[in-house]
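Below you'll find the structure, written out as structure tokens, and then a few comments.
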Amino acid sequence: MRTTFAVHWHYGVATHSGWFRMMNEDRSLLRIGTTKQGEPYAVAVIADGVGGVGDGSRASDTAMEYVRRWLDVKLPKLLTAQSLRTDLSHSIRQLFQEINEALIRIGKDAGCQMSTTLTLLFLLNETYLLCHIGDCRIYYFHRCRLKQLTKDHSWAAEQVRKRKMSLQQARKHPNRHVLLHCLGTQKELKIEFSSGFYHPNSLFLLCSDGFYDRLPNKGIEHFLKEQEPSQITLQQISDLLLDKALDQRSNDNISVLLLRPLNKSYSMLQRLISRLKNIHYLFPVDWSK
């Protein structure tokens, strides 16, 4: 994906199998659109298939198939609902449950475990909603400060939260990638939901563990600070972040997705232009110039 500009958003995506993996089991997806009222929305999704004892690629592919179907069939109706936040949360929870049941069923038929992490971010009207299970991450970068919005559902992260292990110890522990929660392993899900507000021109970063395993939060923050005054695109920044992880000899799949909402005044201008186009029969204008 090389196009990095849409009417209301800037974005960039980069992925790599890593130095020592033959298969890339990471998957990412970005859907951008507008509601019937002309309000821009975006849905960013990342999944990391769990290999080893199962088919991680098939698991993450299956998750993305269900997400695409939900985006095509369910989301348009939800965007017209009066109680959008409540209905959206319920629908996303149901989506995760459906994916989980499908992976368990496919795994039984294949005779092996089919599991994946899944993290979804929904943006509309300067508010965000995230749904998350596993150890992919969503970061929020604003005013040169980086904030991690998701929790890692891993054994090592749990030890850190219980203060049984330091963050430095967890980063080097051989069991740091062992997951406590993901899709496809058990019927009862522990899904993380979170919501909040975001500022125009701030930045969201979605990534898999192969990326942040080699770049600590402070390192990511410092790099984004350095790029803040530059004019390079988010696609170029995504590529540079991927290169930095590869330079650290990442031994896992790496995926990075960057998304920046444009400022409100720009969005209002675009909607005004759209409305003017609809009345071109009154005031003929050549929009190709």
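In the structure tokens, each chain is lettered A, B, ... as it comes, each chain's residues begin at 1, and ligands are numbered from 1 in order of appearance.
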
Would you mind listing, for every residue of segment 166-255 of chain A within 6 Å of segment 115-131 of chain A, the two atoms forming the shortest contact and the distance between them in Å to one decimal, using only C-alpha atoms, sorted by chain and ascending residue number, as CSV?
residue,atom,partner,partner_atom,distance
A:Cys182,CA,A:Thr117,CA,5.1
A:Leu183,CA,A:Ser115,CA,5.3
A:Gly184,CA,A:Ser115,CA,4.3
A:Glu192,CA,A:Cys131,CA,5.7
A:Phe193,CA,A:Cys131,CA,4.8
A:Ser194,CA,A:Leu130,CA,5.4
A:Ser195,CA,A:Leu129,CA,4.4
A:Gly196,CA,A:Tyr128,CA,5.4
A:Phe197,CA,A:Thr127,CA,4.3
A:Tyr198,CA,A:Glu126,CA,5.2

Name all residues at most 9 Å from Asp239 of chain A (count only C-alpha atoms; drop same-chain ones fewer than 2 positions away) and give them as a PyMOL selection string.
chain A and resi 12-15+234-237+241-244+256

Would you mind exporting N, CA, C and O atoms of the selected residues as an mmCIF file, in the first residue's frame?
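This went into again.cif:
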data_model
loop_
_atom_site.group_PDB
_atom_site.id
_atom_site.type_symbol
_atom_site.label_atom_id
_atom_site.label_comp_id
_atom_site.auth_asym_id
_atom_site.auth_seq_id
_atom_site.Cartn_x
_atom_site.Cartn_y
_atom_site.Cartn_z
ATOM 1 N N GLY A 12 -0.086 5.070 6.760
ATOM 2 C CA GLY A 12 1.025 4.309 6.213
ATOM 3 C C GLY A 12 1.027 2.910 6.794
ATOM 4 O O GLY A 12 0.634 2.716 7.952
ATOM 5 N N VAL A 13 1.438 1.933 6.012
ATOM 6 C CA VAL A 13 1.458 0.528 6.443
ATOM 7 C C VAL A 13 2.754 -0.120 5.986
ATOM 8 O O VAL A 13 3.180 0.078 4.846
ATOM 9 N N ALA A 14 3.375 -0.883 6.873
ATOM 10 C CA ALA A 14 4.591 -1.615 6.517
ATOM 11 C C ALA A 14 4.604 -2.952 7.254
ATOM 12 O O ALA A 14 4.178 -3.032 8.415
ATOM 13 N N THR A 15 5.084 -3.991 6.579
ATOM 14 C CA THR A 15 5.166 -5.308 7.218
ATOM 15 C C THR A 15 6.328 -6.100 6.636
ATOM 16 O O THR A 15 6.757 -5.854 5.501
ATOM 17 N N LEU A 234 3.512 9.545 6.185
ATOM 18 C CA LEU A 234 3.372 8.455 7.160
ATOM 19 C C LEU A 234 3.821 7.126 6.557
ATOM 20 O O LEU A 234 4.265 6.242 7.295
ATOM 21 N N GLN A 235 3.712 6.984 5.242
ATOM 22 C CA GLN A 235 4.227 5.757 4.633
ATOM 23 C C GLN A 235 5.746 5.686 4.783
ATOM 24 O O GLN A 235 6.297 4.626 5.101
ATOM 25 N N GLN A 236 6.412 6.794 4.596
ATOM 26 C CA GLN A 236 7.869 6.820 4.775
ATOM 27 C C GLN A 236 8.248 6.557 6.234
ATOM 28 O O GLN A 236 9.212 5.848 6.513
ATOM 29 N N ILE A 237 7.478 7.128 7.161
ATOM 30 C CA ILE A 237 7.753 6.887 8.575
ATOM 31 C C ILE A 237 7.522 5.413 8.920
ATOM 32 O O ILE A 237 8.305 4.813 9.670
ATOM 33 N N LEU A 241 10.319 2.950 10.500
ATOM 34 C CA LEU A 241 10.109 2.196 11.739
ATOM 35 C C LEU A 241 10.356 0.710 11.514
ATOM 36 O O LEU A 241 10.968 0.038 12.358
ATOM 37 N N LEU A 242 9.890 0.210 10.396
ATOM 38 C CA LEU A 242 10.146 -1.198 10.053
ATOM 39 C C LEU A 242 11.643 -1.460 9.931
ATOM 40 O O LEU A 242 12.163 -2.459 10.456
ATOM 41 N N ASP A 243 12.356 -0.565 9.262
ATOM 42 C CA ASP A 243 13.802 -0.718 9.099
ATOM 43 C C ASP A 243 14.519 -0.718 10.453
ATOM 44 O O ASP A 243 15.479 -1.475 10.656
ATOM 45 N N LYS A 244 14.052 0.130 11.380
ATOM 46 C CA LYS A 244 14.690 0.187 12.698
ATOM 47 C C LYS A 244 14.515 -1.135 13.441
ATOM 48 O O LYS A 244 15.440 -1.598 14.119
ATOM 49 N N VAL A 256 3.459 -2.584 11.105
ATOM 50 C CA VAL A 256 3.244 -1.225 11.606
ATOM 51 C C VAL A 256 2.150 -0.581 10.770
ATOM 52 O O VAL A 256 2.175 -0.650 9.537
#

Could you please write out, as a PyMOL selection string, every residue of segment 95-199 of chain A that DSSP assigns to helix (DSSP H, G or I)?
chain A and resi 95-110+155-161+167-172

Kindly indicate which residue among A:Arg145, A:Gly38, A:Leu246, A:Val45 lies nearest to Arg68 of chain A, using only C-alpha atoms for the distances.
A:Val45

Strand (DSSP E) positions in segment 11-203 of chain A, given as a PyMOL selection string
chain A and resi 11-16+26-34+40-48+118-124+127-133+137-142+145-148+192-197+203

Between atom CA of Ala156 of chain A and atom CA of Arg171 of chain A, what is the distance in Å, rounded to a tenth?
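That distance, rounded to one decimal, is 8.1 Å.
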
Which residues come within 8 Å of Phe204 of chain A, counting only C-alpha atoms, excluding same-chain residues fewer than 3 positions away, as a ChimeraX atom specification?
/A:138-141,258-260

Contacts of Asp152 of chain A at 7 Å or less, counting only C-alpha atoms, minus same-chain residues fewer than 3 places along, as an MDAnalysis selection string?
chainID A and resid 134:135 157

Please dump the current selection as a PDB file, in the first residue's frame; keep all heavy atoms.
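File written: part.pdb
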ATOM      1  N   GLY A 134      -4.960 -10.157  23.011  1.00  0.00           N
ATOM      2  CA  GLY A 134      -3.635 -10.603  22.565  1.00  0.00           C
ATOM      3  C   GLY A 134      -2.548  -9.613  22.930  1.00  0.00           C
ATOM      4  O   GLY A 134      -2.663  -8.875  23.901  1.00  0.00           O
ATOM      5  N   ASP A 135      -1.492  -9.568  22.122  1.00  0.00           N
ATOM      6  CA  ASP A 135      -0.351  -8.708  22.461  1.00  0.00           C
ATOM      7  C   ASP A 135       0.074  -7.765  21.341  1.00  0.00           C
ATOM      8  O   ASP A 135       1.194  -7.245  21.364  1.00  0.00           O
ATOM      9  CB  ASP A 135       0.837  -9.551  22.918  1.00  0.00           C
ATOM     10  CG  ASP A 135       1.353 -10.488  21.825  1.00  0.00           C
ATOM     11  OD1 ASP A 135       0.693 -10.600  20.762  1.00  0.00           O
ATOM     12  OD2 ASP A 135       2.404 -11.118  22.031  1.00  0.00           O
ATOM     13  N   ALA A 157       3.789  -9.719  30.587  1.00  0.00           N
ATOM     14  CA  ALA A 157       3.150  -8.457  30.949  1.00  0.00           C
ATOM     15  C   ALA A 157       2.365  -8.592  32.249  1.00  0.00           C
ATOM     16  O   ALA A 157       2.328  -7.669  33.064  1.00  0.00           O
ATOM     17  CB  ALA A 157       2.227  -7.998  29.824  1.00  0.00           C
TER      18      ALA A 157
END
